[in-house]
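Participant: Got a structure for you, input-v6.txt, holding compact mmCIF, C-alpha atoms and all ligand atoms.
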```txt
# COMPACT_ATOMS: atom_id res chain seq x y z
CA MET A 1 87.33 123.23 63.09
CA ASN A 2 85.47 120.20 61.77
CA TYR A 3 82.85 120.46 59.03
CA ARG A 4 79.75 118.33 58.47
CA ASN A 5 77.30 118.04 55.59
CA LEU A 6 74.04 119.85 56.17
CA GLY A 7 71.81 116.78 56.03
CA ARG A 8 71.69 115.24 52.55
CA SER A 9 72.88 118.48 50.96
CA GLY A 10 76.47 118.99 49.87
CA LEU A 11 76.79 122.15 51.95
CA ARG A 12 79.68 121.84 54.41
CA VAL A 13 78.88 123.64 57.64
CA SER A 14 81.25 124.08 60.57
CA GLU A 15 80.15 121.82 63.43
CA LEU A 16 80.21 124.89 65.69
CA SER A 17 78.40 127.97 64.46
CA PHE A 18 77.43 131.30 65.97
CA GLY A 19 74.09 133.01 66.63
CA SER A 20 72.94 136.41 67.83
CA TRP A 21 69.72 135.82 69.81
CA ILE A 22 69.38 138.08 72.90
CA THR A 23 72.89 139.45 72.40
CA PHE A 24 73.23 141.45 69.14
CA GLY A 25 71.39 144.77 69.09
CA ASN A 26 70.28 144.14 72.67
CA GLN A 27 72.43 142.75 75.52
CA ILE A 28 75.83 143.63 74.04
CA ASN A 29 77.23 146.58 72.09
CA SER A 30 78.43 146.63 68.48
CA ASP A 31 82.14 146.45 69.39
CA THR A 32 81.65 143.25 71.37
CA SER A 33 79.47 141.84 68.59
CA LYS A 34 82.24 142.61 66.11
CA GLU A 35 84.90 140.98 68.27
CA LEU A 36 82.72 137.88 68.65
CA MET A 37 82.17 137.57 64.90
CA LYS A 38 85.89 137.93 64.23
CA THR A 39 86.77 135.34 66.89
CA ALA A 40 84.25 132.94 65.37
CA TYR A 41 85.29 133.47 61.75
CA ASP A 42 89.02 133.27 62.53
CA ALA A 43 88.42 129.95 64.30
CA GLY A 44 86.83 128.49 61.17
CA ILE A 45 83.16 129.01 62.02
CA ASN A 46 81.40 129.44 58.70
CA PHE A 47 77.74 129.73 59.71
CA PHE A 48 76.13 132.79 61.32
CA ASP A 49 72.52 132.46 62.44
CA ASN A 50 70.00 135.28 62.66
CA ALA A 51 66.24 135.96 62.51
CA GLU A 52 63.84 138.82 61.79
CA LEU A 53 62.62 138.60 65.39
CA TYR A 54 65.99 139.09 67.10
CA ALA A 55 66.02 142.55 68.71
CA GLU A 56 63.22 143.54 66.29
CA GLY A 57 65.51 143.39 63.27
CA ARG A 58 68.45 145.19 64.93
CA SER A 59 70.39 141.94 65.30
CA GLU A 60 70.41 141.56 61.52
CA GLU A 61 71.37 145.21 61.04
CA VAL A 62 74.31 144.86 63.44
CA MET A 63 75.48 141.61 61.83
CA GLY A 64 75.07 143.08 58.34
CA LYS A 65 77.22 146.07 59.20
CA ILE A 66 79.91 143.84 60.73
CA LEU A 67 79.98 141.60 57.65
CA LYS A 68 80.29 144.67 55.45
CA ASP A 69 83.03 146.23 57.60
CA PHE A 70 85.12 143.06 57.59
CA GLY A 71 84.52 142.54 53.87
CA TRP A 72 84.87 138.77 54.15
CA ARG A 73 84.25 137.04 50.84
CA ARG A 74 80.54 136.22 50.58
CA ASP A 75 81.39 132.70 49.42
CA SER A 76 83.37 132.02 52.62
CA TYR A 77 80.43 131.91 55.04
CA ILE A 78 76.84 130.73 55.38
CA LEU A 79 74.23 133.22 56.56
CA SER A 80 70.69 132.55 57.70
CA SER A 81 67.52 134.33 58.64
CA LYS A 82 64.25 133.06 60.02
CA ALA A 83 60.74 134.39 59.52
CA PHE A 84 57.32 133.70 61.01
CA PHE A 85 56.94 135.86 64.13
CA GLY A 86 57.30 139.24 62.37
CA ILE A 87 59.94 141.66 63.66
CA LYS A 88 57.73 142.80 66.52
CA GLY A 89 56.67 139.31 67.57
CA LEU A 90 53.33 137.57 67.07
CA LYS A 91 51.38 139.83 69.44
CA ASP A 92 52.50 143.20 68.06
CA SER A 93 52.92 142.42 64.36
CA LYS A 94 49.95 143.12 62.08
CA PRO A 95 48.17 140.10 60.56
CA THR A 96 50.02 140.58 57.25
CA GLN A 97 53.41 140.89 58.95
CA LYS A 98 53.76 137.32 60.23
CA GLY A 99 53.22 133.66 59.38
CA ASN A 100 54.50 131.25 56.75
CA ASN A 101 52.23 132.58 54.00
CA ARG A 102 53.57 133.74 50.63
CA LYS A 103 53.28 137.44 51.43
CA HIS A 104 55.12 137.39 54.75
CA LEU A 105 57.85 134.92 53.82
CA THR A 106 58.61 136.83 50.62
CA GLU A 107 58.61 140.24 52.29
CA ALA A 108 60.54 138.96 55.30
CA CYS A 109 63.19 137.55 52.98
CA HIS A 110 63.54 140.89 51.16
CA GLN A 111 63.72 142.78 54.46
CA ALA A 112 66.35 140.40 55.89
CA LEU A 113 68.47 140.86 52.76
CA GLU A 114 68.27 144.62 53.24
CA ARG A 115 69.13 144.54 56.95
CA LEU A 116 71.96 142.08 56.42
CA GLN A 117 73.16 143.98 53.31
CA VAL A 118 73.62 140.81 51.28
CA GLU A 119 72.23 139.62 47.94
CA TYR A 120 71.10 136.19 49.11
CA LEU A 121 70.60 134.10 52.24
CA ASP A 122 72.18 130.67 52.31
CA LEU A 123 69.58 129.30 54.71
CA PHE A 124 66.06 130.58 55.28
CA PHE A 125 63.93 129.04 58.01
CA CYS A 126 60.24 129.09 58.88
CA HIS A 127 60.85 129.97 62.54
CA ARG A 128 57.77 128.04 63.73
CA PRO A 129 54.99 126.01 62.08
CA ASP A 130 51.97 128.05 61.01
CA LYS A 131 48.61 126.40 61.65
CA LEU A 132 46.81 128.97 59.43
CA THR A 133 48.81 128.56 56.19
CA PRO A 134 48.61 125.44 54.03
CA ILE A 135 52.03 123.79 53.96
CA GLU A 136 51.78 123.68 50.15
CA GLU A 137 51.77 127.51 50.05
CA THR A 138 54.91 127.61 52.19
CA VAL A 139 56.72 125.00 50.07
CA ARG A 140 55.80 126.81 46.84
CA THR A 141 56.98 130.15 48.25
CA MET A 142 60.32 128.75 49.42
CA ASN A 143 60.80 127.02 46.07
CA THR A 144 60.19 130.33 44.28
CA LEU A 145 62.69 132.16 46.52
CA ILE A 146 65.26 129.47 45.69
CA GLU A 147 64.55 129.77 41.96
CA GLN A 148 64.91 133.55 42.21
CA GLY A 149 68.35 133.07 43.78
CA LYS A 150 67.33 134.88 46.96
CA ILE A 151 67.89 131.84 49.17
CA PHE A 152 69.83 128.61 48.61
CA TYR A 153 68.26 126.17 51.10
CA TRP A 154 65.10 126.39 53.15
CA GLY A 155 64.24 124.76 56.41
CA THR A 156 62.06 124.73 59.46
CA SER A 157 62.45 125.46 63.15
CA GLU A 158 60.53 123.60 65.84
CA TRP A 159 58.25 121.94 63.33
CA SER A 160 56.86 118.52 64.19
CA ALA A 161 58.03 115.44 62.29
CA GLN A 162 54.55 115.23 60.77
CA GLU A 163 54.70 118.83 59.47
CA ILE A 164 58.18 118.32 58.02
CA MET A 165 57.06 115.14 56.27
CA GLU A 166 54.00 116.91 54.87
CA ALA A 167 56.34 119.51 53.36
CA HIS A 168 58.35 116.69 51.76
CA MET A 169 55.20 115.02 50.49
CA VAL A 170 54.00 118.24 48.83
CA ALA A 171 57.46 118.93 47.40
CA ARG A 172 57.67 115.46 45.89
CA GLU A 173 54.19 115.59 44.45
CA HIS A 174 54.83 118.90 42.68
CA HIS A 175 58.56 118.50 41.91
CA LEU A 176 59.50 121.35 44.24
CA ILE A 177 62.46 121.64 46.60
CA GLY A 178 61.61 120.38 50.08
CA PRO A 179 63.16 121.45 53.39
CA THR A 180 66.86 120.66 53.85
CA MET A 181 67.29 121.44 57.54
CA GLU A 182 65.47 121.92 60.83
CA GLN A 183 66.51 124.09 63.77
CA PRO A 184 65.40 122.42 67.01
CA GLN A 185 66.45 123.10 70.56
CA TYR A 186 68.93 120.44 71.65
CA ASN A 187 70.87 120.18 74.86
CA MET A 188 71.30 117.85 77.84
CA MET A 189 67.92 118.95 79.22
CA TRP A 190 65.92 118.99 75.97
CA ARG A 191 66.32 115.86 73.91
CA ASP A 192 63.09 114.45 72.57
CA LYS A 193 62.99 115.87 69.02
CA MET A 194 66.61 114.97 68.18
CA GLU A 195 66.66 111.61 69.93
CA ASN A 196 63.15 110.37 69.32
CA GLU A 197 60.71 112.32 67.15
CA PHE A 198 63.04 112.91 64.18
CA LEU A 199 64.75 109.50 64.06
CA GLN A 200 62.75 108.22 61.08
CA ILE A 201 63.30 111.47 59.16
CA PHE A 202 67.08 111.16 59.55
CA LYS A 203 66.84 107.65 58.07
CA THR A 204 64.36 108.25 55.25
CA VAL A 205 64.39 111.69 53.59
CA GLY A 206 67.36 112.94 55.61
CA MET A 207 67.60 116.26 57.42
CA GLY A 208 70.34 118.64 58.50
CA THR A 209 70.04 120.12 61.98
CA THR A 210 71.32 123.47 63.23
CA VAL A 211 70.66 122.97 66.93
CA TRP A 212 70.01 125.87 69.31
CA SER A 213 70.60 126.72 72.97
CA PRO A 214 73.20 123.98 73.47
CA LEU A 215 73.89 125.39 76.95
CA ALA A 216 70.19 125.86 77.75
CA SER A 217 70.77 129.63 77.83
CA GLY A 218 73.64 129.21 80.31
CA LEU A 219 72.08 126.73 82.76
CA LEU A 220 74.56 124.12 81.47
CA THR A 221 77.60 126.30 82.14
CA GLY A 222 77.14 125.78 85.89
CA LYS A 223 76.94 129.57 86.40
CA TYR A 224 73.58 129.16 88.15
CA ASN A 225 74.74 126.39 90.52
CA ASP A 226 74.96 128.78 93.49
CA GLY A 227 72.53 131.57 92.64
CA ILE A 228 71.87 133.94 89.77
CA PRO A 229 74.77 136.19 88.70
CA ASP A 230 73.68 139.80 88.05
CA ASP A 231 74.95 140.02 84.49
CA ALA A 232 73.75 136.58 83.34
CA ARG A 233 71.09 136.02 80.70
CA LEU A 234 68.51 134.37 82.95
CA ASN A 235 68.46 137.51 85.09
CA ARG A 236 67.03 139.50 82.21
CA GLY A 237 63.42 140.59 82.70
CA GLU A 238 62.39 139.60 79.16
CA LEU A 239 63.40 135.98 79.97
CA SER A 240 61.62 135.55 83.32
CA TRP A 241 59.48 132.80 81.71
CA LEU A 242 62.63 130.89 80.82
CA LYS A 243 64.20 131.42 84.22
CA ASP A 244 61.11 129.96 85.90
CA ARG A 245 61.25 126.90 83.67
CA SER A 246 65.02 126.34 83.76
CA LEU A 247 66.25 127.24 87.21
CA VAL A 248 64.43 124.51 89.10
CA GLU A 249 66.20 122.53 91.81
CA GLU A 250 66.06 119.24 89.88
CA ASN A 251 67.95 120.79 86.92
CA ILE A 252 70.47 122.64 89.08
CA GLU A 253 71.21 119.49 91.07
CA LYS A 254 71.96 117.61 87.84
CA VAL A 255 74.25 120.41 86.64
CA ARG A 256 76.10 120.36 89.98
CA LYS A 257 76.78 116.64 89.50
CA LEU A 258 77.78 117.18 85.85
CA THR A 259 80.10 120.01 86.90
CA ALA A 260 81.89 117.62 89.28
CA LEU A 261 82.19 115.03 86.48
CA ALA A 262 83.55 117.67 84.09
CA LYS A 263 86.18 118.60 86.66
CA GLU A 264 87.27 114.96 86.97
CA LEU A 265 87.74 114.92 83.19
CA GLY A 266 89.70 118.16 83.22
CA LEU A 267 86.94 119.97 81.34
CA SER A 268 84.79 122.98 82.12
CA MET A 269 81.04 122.46 82.41
CA PRO A 270 80.25 124.41 79.18
CA LEU A 271 82.69 122.21 77.26
CA LEU A 272 81.18 119.01 78.63
CA ALA A 273 77.69 120.17 77.58
CA LEU A 274 78.74 121.34 74.11
CA ALA A 275 80.86 118.26 73.39
CA TRP A 276 77.89 116.10 74.43
CA CYS A 277 75.77 117.76 71.69
CA LEU A 278 78.53 117.17 69.12
CA LYS A 279 78.53 113.44 69.95
CA ASN A 280 75.13 113.16 68.27
CA GLU A 281 75.82 112.39 64.60
CA ASN A 282 72.44 113.73 63.53
CA VAL A 283 73.59 117.20 64.60
CA SER A 284 75.00 119.15 61.64
CA THR A 285 76.03 122.19 63.64
CA VAL A 286 75.75 123.39 67.22
CA ILE A 287 74.92 127.11 67.28
CA LEU A 288 76.92 128.83 70.00
CA GLY A 289 75.76 131.98 71.76
CA ALA A 290 78.03 134.26 73.78
CA SER A 291 77.87 137.65 75.46
CA LYS A 292 81.64 137.83 76.00
CA THR A 293 84.62 136.94 73.83
CA LEU A 294 86.14 134.84 76.61
CA GLN A 295 83.03 132.63 76.62
CA LEU A 296 83.26 132.08 72.89
CA GLU A 297 86.99 131.34 73.06
CA GLU A 298 86.27 128.69 75.66
CA ASN A 299 83.34 127.20 73.78
CA LEU A 300 85.40 126.86 70.63
CA LYS A 301 87.35 124.07 72.34
CA ALA A 302 84.26 121.82 72.27
CA SER A 303 85.44 119.79 69.28
CA GLU A 304 88.64 118.80 71.13
CA ALA A 305 86.69 118.14 74.33
CA LYS A 306 84.57 115.57 72.48
CA GLU A 307 87.55 113.18 72.54
CA LYS A 308 87.16 112.92 76.32
CA LEU A 309 83.56 111.75 76.09
CA THR A 310 84.26 108.02 75.85
CA ASP A 311 81.48 105.42 76.00
CA GLU A 312 82.14 105.05 79.71
CA VAL A 313 81.85 108.80 80.31
CA MET A 314 78.64 108.94 78.24
CA VAL A 315 77.14 106.25 80.50
CA LYS A 316 78.05 108.30 83.58
CA ILE A 317 76.46 111.40 82.02
CA GLU A 318 73.33 109.41 81.20
CA SER A 319 72.99 108.20 84.77
CA ILE A 320 73.13 111.79 86.03
CA LEU A 321 70.74 113.17 83.41
CA ASP A 322 68.28 110.30 83.69
CA ASN A 323 66.17 111.82 80.91
CA GLN A 324 66.90 109.72 77.82
CA PRO A 325 63.80 109.66 75.61
CA GLU A 326 62.10 106.29 75.83
CA LEU A 327 61.90 104.50 72.51
CA PRO A 328 59.48 101.65 71.88
CA PRO A 329 61.20 98.33 72.71
CA PHE A 330 62.38 96.15 69.81
N1 LIG A 401 65.25 128.66 66.22
C1 LIG A 401 64.98 129.10 67.42
O1 LIG A 401 63.82 129.14 67.84
C2 LIG A 401 66.10 129.56 68.30
C3 LIG A 401 65.87 129.86 69.66
C4 LIG A 401 66.95 130.27 70.43
C5 LIG A 401 68.22 130.38 69.88
N2 LIG A 401 68.41 130.13 68.55
C6 LIG A 401 69.74 130.26 67.91
O2 LIG A 401 70.73 129.53 68.63
C7 LIG A 401 71.76 130.41 69.04
C8 LIG A 401 72.39 129.89 70.31
O3 LIG A 401 71.39 129.83 71.33
P1 LIG A 401 71.71 130.39 72.77
O4 LIG A 401 72.31 131.75 72.67
O5 LIG A 401 70.50 130.21 73.61
O6 LIG A 401 72.89 129.37 73.21
P2 LIG A 401 73.34 128.87 74.64
O7 LIG A 401 74.71 128.35 74.43
O8 LIG A 401 72.35 127.94 75.24
O9 LIG A 401 73.38 130.18 75.56
C9 LIG A 401 74.31 131.20 75.30
C10 LIG A 401 74.47 132.07 76.53
O10 LIG A 401 75.03 131.32 77.62
C11 LIG A 401 76.03 132.08 78.29
N3 LIG A 401 77.33 131.45 78.02
C12 LIG A 401 77.76 130.89 76.85
N4 LIG A 401 78.99 130.38 76.99
C13 LIG A 401 79.36 130.57 78.27
C14 LIG A 401 80.52 130.25 79.00
N5 LIG A 401 81.54 129.60 78.44
N6 LIG A 401 80.56 130.60 80.31
C15 LIG A 401 79.53 131.26 80.89
N7 LIG A 401 78.41 131.60 80.25
C16 LIG A 401 78.30 131.27 78.94
C17 LIG A 401 75.94 133.49 77.68
O11 LIG A 401 74.92 134.23 78.35
P3 LIG A 401 75.19 135.27 79.56
O12 LIG A 401 76.64 135.62 79.57
O13 LIG A 401 74.30 136.42 79.27
O14 LIG A 401 74.76 134.53 80.79
C18 LIG A 401 75.47 133.19 76.28
O15 LIG A 401 74.89 134.29 75.64
C19 LIG A 401 71.08 131.77 69.11
O16 LIG A 401 71.98 132.85 69.06
C20 LIG A 401 70.20 131.71 67.89
O17 LIG A 401 70.96 131.96 66.72
C21 LIG A 401 67.37 129.71 67.77
```
Would you kindly transcribe this structure into structure tokens?
Facilitator:
Amino acid sequence: MNYRNLGRSGLRVSELSFGSWITFGNQINSDTSKELMKTAYDAGINFFDNAELYAEGRSEEVMGKILKDFGWRRDSYILSSKAFFGIKGLKDSKPTQKGNNRKHLTEACHQALERLQVEYLDLFFCHRPDKLTPIEETVRTMNTLIEQGKIFYWGTSEWSAQEIMEAHMVAREHHLIGPTMEQPQYNMMWRDKMENEFLQIFKTVGMGTTVWSPLASGLLTGKYNDGIPDDARLNRGELSWLKDRSLVEENIEKVRKLTALAKELGLSMPLLALAWCLKNENVSTVILGASKTLQLEENLKASEAKEKLTDEVMVKIESILDNQPELPPF
């Protein structure tokens, strides 16, 4: 396993990490969850990602129990939670149970610590920007949680570059700790934030990135090339909105071409897609998701697979994807 610094911080995070969205406390049972965590940890993965929203808090409970059962040293792994939506989601949470305001972030942090059965979170994210809370209130709250030793680093997820920079501006002005990392979606189909919007931030204040859905929820495994398998994620009713957006002919046709290229290289399609994310040096860690241990075992070979993505291969991939964000000409 290779390790990268989380942005400008000294925290060394494994370049592949593991998350529990859709799976833990929902799609898969506790035994499978346990086997997945063990496979990840034994392979050198040191970052486990979670959120209050995942399976209405059950994902954190399941992960907390597994961490306790294994008894791994707390200083040997990095654990996160994310708050904003409330455990029941924006629609069903009460007004005081969501947002990036002081009350919700503080209570959400305490509740995550309880569900995960740990004394502190290494990373705590604002899961989305909050248009109703002044960014200064959020920065002050996160700074307090850090000073109280309840979290070590704070970050954002799917915030705009402008919102992230406002947080830095406030932090600088008041000598508070600004955000260390952002959690954006990043995969072959979804590139703009990582390859365009955030470029100045990487150069100026610096930012770690824990990127999500590297396989676009499975689209980039090629498993949807010839129809929708019964037991696959995009067949789940709760994700019909994502299926409608992802499984369009243009995307599938690209994945069919990429699958053929992967075969030529002696790689599987998931490995080609994951290794492609790792090629981006602004990525600190690629968060893997898996519903089966075999999937995770395969995905763990992504670091080796990266060696096969030469400049020439990257050009071929680009010509198939044909979606590189356009930057202003020099
Ligand atoms: N911050 C945010 O807003 C946000 C949003 C989403 C996710 N995340 C984080 O990012 C993590 C990863 O995201 P993700 O789960 O969407 O990742 P992903 O890699 O895009 O999708 C994972 C899913 O793809 C399928 N899959 C994975 N490897 C496969 C393989 N080798 N062969 C066949 N199928 C395979 C599995 O689903 P099936 O077997 O069910 O088809 C698996 O659960 C999450 O767990 C969460 O921690 C964060």
Participant: When you look at Val211 (chain A) with a cut-off of 9 Å (counting all atoms listed in the file), what residues show up, excluding the ones that are within fewer than 3 positions of it in the same chain? I need them as a PyMOL selection string.
Facilitator: chain A and resi 182-187+214+277+283-287
Participant: Could those selected residues go to a file with C-alpha atoms, as a tab-separated table (two decimals), in the frame of the given file?
Facilitator:
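The resulting file, part.tsv, is reproduced below:
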```tsv
chain	number	residue	atom	x	y	z
A	182	GLU	CA	65.47	121.92	60.83
A	183	GLN	CA	66.51	124.09	63.77
A	184	PRO	CA	65.40	122.42	67.01
A	185	GLN	CA	66.45	123.10	70.56
A	186	TYR	CA	68.93	120.44	71.65
A	187	ASN	CA	70.87	120.18	74.86
A	214	PRO	CA	73.20	123.98	73.47
A	277	CYS	CA	75.77	117.76	71.69
A	283	VAL	CA	73.59	117.20	64.60
A	284	SER	CA	75.00	119.15	61.64
A	285	THR	CA	76.03	122.19	63.64
A	286	VAL	CA	75.75	123.39	67.22
A	287	ILE	CA	74.92	127.11	67.28
```
Participant: Could you please determine the separation between atom N1 of ligand LIG 401 (chain A) and CA of Ala55 (chain A) in Å, to one decimal place?
Facilitator: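 CA of Ala55 (chain A) lies at a distance of 14.1 Å from atom N1 of ligand LIG 401 (chain A).
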Participant: Excluding Asp231 (chain A) and any residue of its chain fewer than 6 positions from it, enumerate the residues within 12 Å of it, using all atoms listed in the file, and give them as a count of residues only.
Facilitator: 8
Participant: Can you pull out every residue within 9 Å of region 302-315 of chain A, counting only C-alpha atoms, but drop anything in the same chain fewer than 5 positions away, and send it as number ranges by chain?
Facilitator: A: 1-2, 15-16, 261, 265, 267, 270-276, 278-279, 320
Participant: Residues within 6 Å of ligand LIG 401 (chain A), counting only C-alpha atoms and all ligand atoms: report them as a count of residues only.
Facilitator: 27
Participant: Just how far from CA of Lys34 (chain A) is CA of Glu56 (chain A), in Å to one decimal?
Facilitator: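 According to the coordinates, CA of Glu56 (chain A) and CA of Lys34 (chain A) are separated by 19.0 Å.
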Participant: As an exercise, work out the distance from CA of Glu250 (chain A) to CA of Phe198 (chain A) in Å and give it to one decimal place.
Facilitator: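 Computing it gives 26.6 Å between the two atoms.
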Participant: Rank A:Gln324, A:Thr141, A:Thr32, A:Ser80 by their smallest atom-to-atom distance to Met194 (chain A), using only C-alpha atoms, and report the top residue only.
Facilitator: A:Gln324
Participant: When you look at region 173-179 of chain A with a cut-off of 12 Å (counting all atoms listed in the file), what residues show up, excluding the ones that are within fewer than 2 positions of it in the same chain? I need them as a ChimeraX atom specification.
Facilitator: /A:6-9,123-126,135-147,151-157,159,161,163-171,181-183,201,205-209
Participant: With only C-alpha atoms as the counted atoms, please give the residues lying no more than 10 Å from Glu326 (chain A), apart from itself and same-chain residues fewer than 5 positions off, as a PyMOL selection string.
Facilitator: chain A and resi 192+195-196
Participant: Closest to Glu107 (chain A) among A:Ile87, A:Leu242, A:Val248, A:Ile66, using all atoms listed in the file?
Facilitator: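 Closest candidate: A:Ile87.
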Participant: Edge lengths and centre, in Å to one decimal, as AutoDock Vina command-line options: that's what I need for the box along x, y and z that holds all listed atoms of region 252-263 of chain A plus 4 Å on each side.
Facilitator:
```
--center_x 78.3 --center_y 118.8 --center_z 87.6 --size_x 23.7 --size_y 15.6 --size_z 15.0
```
Participant: Taking into account all atoms listed in the file, which residue in the set A:Glu264, A:Asp226, A:Asp69, A:Asp122 is nearest to Val13 (chain A)?
Facilitator: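 Among A:Glu264, A:Asp226, A:Asp69, A:Asp122, it is A:Asp122 that comes nearest to Val13 (chain A).
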Participant: A:Gly86, A:Pro134, A:Gly149, A:Gly57: which is nearest Leu116 (chain A), counting all atoms listed in the file?
Facilitator: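 Under the stated criterion, the closest residue is A:Gly57.
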Participant: With all atoms listed in the file as the basis for distance, which of A:Leu234, A:Leu258, A:Val118, A:Leu220 is at the shortest distance from Arg73 (chain A)?
Facilitator: A:Val118
Participant: Missing atoms in region 132-155 of chain A: fill them in up to N, CA and C atoms and send the result as a PDB file, in the coordinates of the input.
Facilitator:
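The result, stored in part14.pdb:
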```pdb
ATOM      1  N   LEU A 132      47.817 128.289  60.267  1.00  0.00           N
ATOM      2  CA  LEU A 132      46.810 128.970  59.430  1.00  0.00           C
ATOM      3  C   LEU A 132      47.176 128.973  57.948  1.00  0.00           C
ATOM      4  N   THR A 133      48.378 128.542  57.599  1.00  0.00           N
ATOM      5  CA  THR A 133      48.810 128.560  56.190  1.00  0.00           C
ATOM      6  C   THR A 133      48.988 127.129  55.691  1.00  0.00           C
ATOM      7  N   PRO A 134      48.389 126.790  54.564  1.00  0.00           N
ATOM      8  CA  PRO A 134      48.610 125.440  54.030  1.00  0.00           C
ATOM      9  C   PRO A 134      50.100 125.221  53.773  1.00  0.00           C
ATOM     10  N   ILE A 135      50.596 124.054  54.132  1.00  0.00           N
ATOM     11  CA  ILE A 135      52.030 123.790  53.960  1.00  0.00           C
ATOM     12  C   ILE A 135      52.407 123.893  52.478  1.00  0.00           C
ATOM     13  N   GLU A 136      51.475 123.568  51.586  1.00  0.00           N
ATOM     14  CA  GLU A 136      51.780 123.680  50.150  1.00  0.00           C
ATOM     15  C   GLU A 136      52.156 125.127  49.777  1.00  0.00           C
ATOM     16  N   GLU A 137      51.454 126.099  50.360  1.00  0.00           N
ATOM     17  CA  GLU A 137      51.770 127.510  50.050  1.00  0.00           C
ATOM     18  C   GLU A 137      53.190 127.853  50.503  1.00  0.00           C
ATOM     19  N   THR A 138      53.560 127.345  51.668  1.00  0.00           N
ATOM     20  CA  THR A 138      54.910 127.610  52.190  1.00  0.00           C
ATOM     21  C   THR A 138      55.966 126.962  51.298  1.00  0.00           C
ATOM     22  N   VAL A 139      55.736 125.704  50.914  1.00  0.00           N
ATOM     23  CA  VAL A 139      56.720 125.000  50.070  1.00  0.00           C
ATOM     24  C   VAL A 139      56.866 125.726  48.739  1.00  0.00           C
ATOM     25  N   ARG A 140      55.737 126.118  48.137  1.00  0.00           N
ATOM     26  CA  ARG A 140      55.800 126.810  46.840  1.00  0.00           C
ATOM     27  C   ARG A 140      56.552 128.135  46.962  1.00  0.00           C
ATOM     28  N   THR A 141      56.302 128.860  48.065  1.00  0.00           N
ATOM     29  CA  THR A 141      56.980 130.150  48.250  1.00  0.00           C
ATOM     30  C   THR A 141      58.483 129.954  48.393  1.00  0.00           C
ATOM     31  N   MET A 142      58.882 128.989  49.220  1.00  0.00           N
ATOM     32  CA  MET A 142      60.320 128.750  49.420  1.00  0.00           C
ATOM     33  C   MET A 142      60.973 128.306  48.109  1.00  0.00           C
ATOM     34  N   ASN A 143      60.266 127.479  47.350  1.00  0.00           N
ATOM     35  CA  ASN A 143      60.800 127.020  46.070  1.00  0.00           C
ATOM     36  C   ASN A 143      61.026 128.220  45.127  1.00  0.00           C
ATOM     37  N   THR A 144      60.061 129.141  45.131  1.00  0.00           N
ATOM     38  CA  THR A 144      60.190 130.330  44.280  1.00  0.00           C
ATOM     39  C   THR A 144      61.399 131.159  44.719  1.00  0.00           C
ATOM     40  N   LEU A 145      61.552 131.361  46.038  1.00  0.00           N
ATOM     41  CA  LEU A 145      62.690 132.160  46.520  1.00  0.00           C
ATOM     42  C   LEU A 145      64.014 131.507  46.109  1.00  0.00           C
ATOM     43  N   ILE A 146      64.039 130.175  46.124  1.00  0.00           N
ATOM     44  CA  ILE A 146      65.260 129.470  45.690  1.00  0.00           C
ATOM     45  C   ILE A 146      65.476 129.712  44.192  1.00  0.00           C
ATOM     46  N   GLU A 147      64.401 129.570  43.418  1.00  0.00           N
ATOM     47  CA  GLU A 147      64.550 129.770  41.960  1.00  0.00           C
ATOM     48  C   GLU A 147      64.962 131.195  41.611  1.00  0.00           C
ATOM     49  N   GLN A 148      64.543 132.146  42.449  1.00  0.00           N
ATOM     50  CA  GLN A 148      64.910 133.550  42.210  1.00  0.00           C
ATOM     51  C   GLN A 148      66.336 133.850  42.666  1.00  0.00           C
ATOM     52  N   GLY A 149      66.973 132.864  43.303  1.00  0.00           N
ATOM     53  CA  GLY A 149      68.350 133.070  43.780  1.00  0.00           C
ATOM     54  C   GLY A 149      68.444 133.900  45.050  1.00  0.00           C
ATOM     55  N   LYS A 150      67.292 134.071  45.722  1.00  0.00           N
ATOM     56  CA  LYS A 150      67.330 134.880  46.960  1.00  0.00           C
ATOM     57  C   LYS A 150      67.702 134.044  48.173  1.00  0.00           C
ATOM     58  N   ILE A 151      67.445 132.750  48.097  1.00  0.00           N
ATOM     59  CA  ILE A 151      67.890 131.840  49.170  1.00  0.00           C
ATOM     60  C   ILE A 151      68.424 130.574  48.488  1.00  0.00           C
ATOM     61  N   PHE A 152      69.271 129.846  49.200  1.00  0.00           N
ATOM     62  CA  PHE A 152      69.830 128.610  48.610  1.00  0.00           C
ATOM     63  C   PHE A 152      69.154 127.350  49.162  1.00  0.00           C
ATOM     64  N   TYR A 153      68.906 127.335  50.460  1.00  0.00           N
ATOM     65  CA  TYR A 153      68.260 126.170  51.100  1.00  0.00           C
ATOM     66  C   TYR A 153      67.185 126.707  52.027  1.00  0.00           C
ATOM     67  N   TRP A 154      66.097 125.957  52.175  1.00  0.00           N
ATOM     68  CA  TRP A 154      65.100 126.390  53.150  1.00  0.00           C
ATOM     69  C   TRP A 154      64.885 125.295  54.188  1.00  0.00           C
ATOM     70  N   GLY A 155      64.436 125.725  55.338  1.00  0.00           N
ATOM     71  CA  GLY A 155      64.240 124.760  56.410  1.00  0.00           C
ATOM     72  C   GLY A 155      63.181 125.239  57.397  1.00  0.00           C
TER      73      GLY A 155
END
```
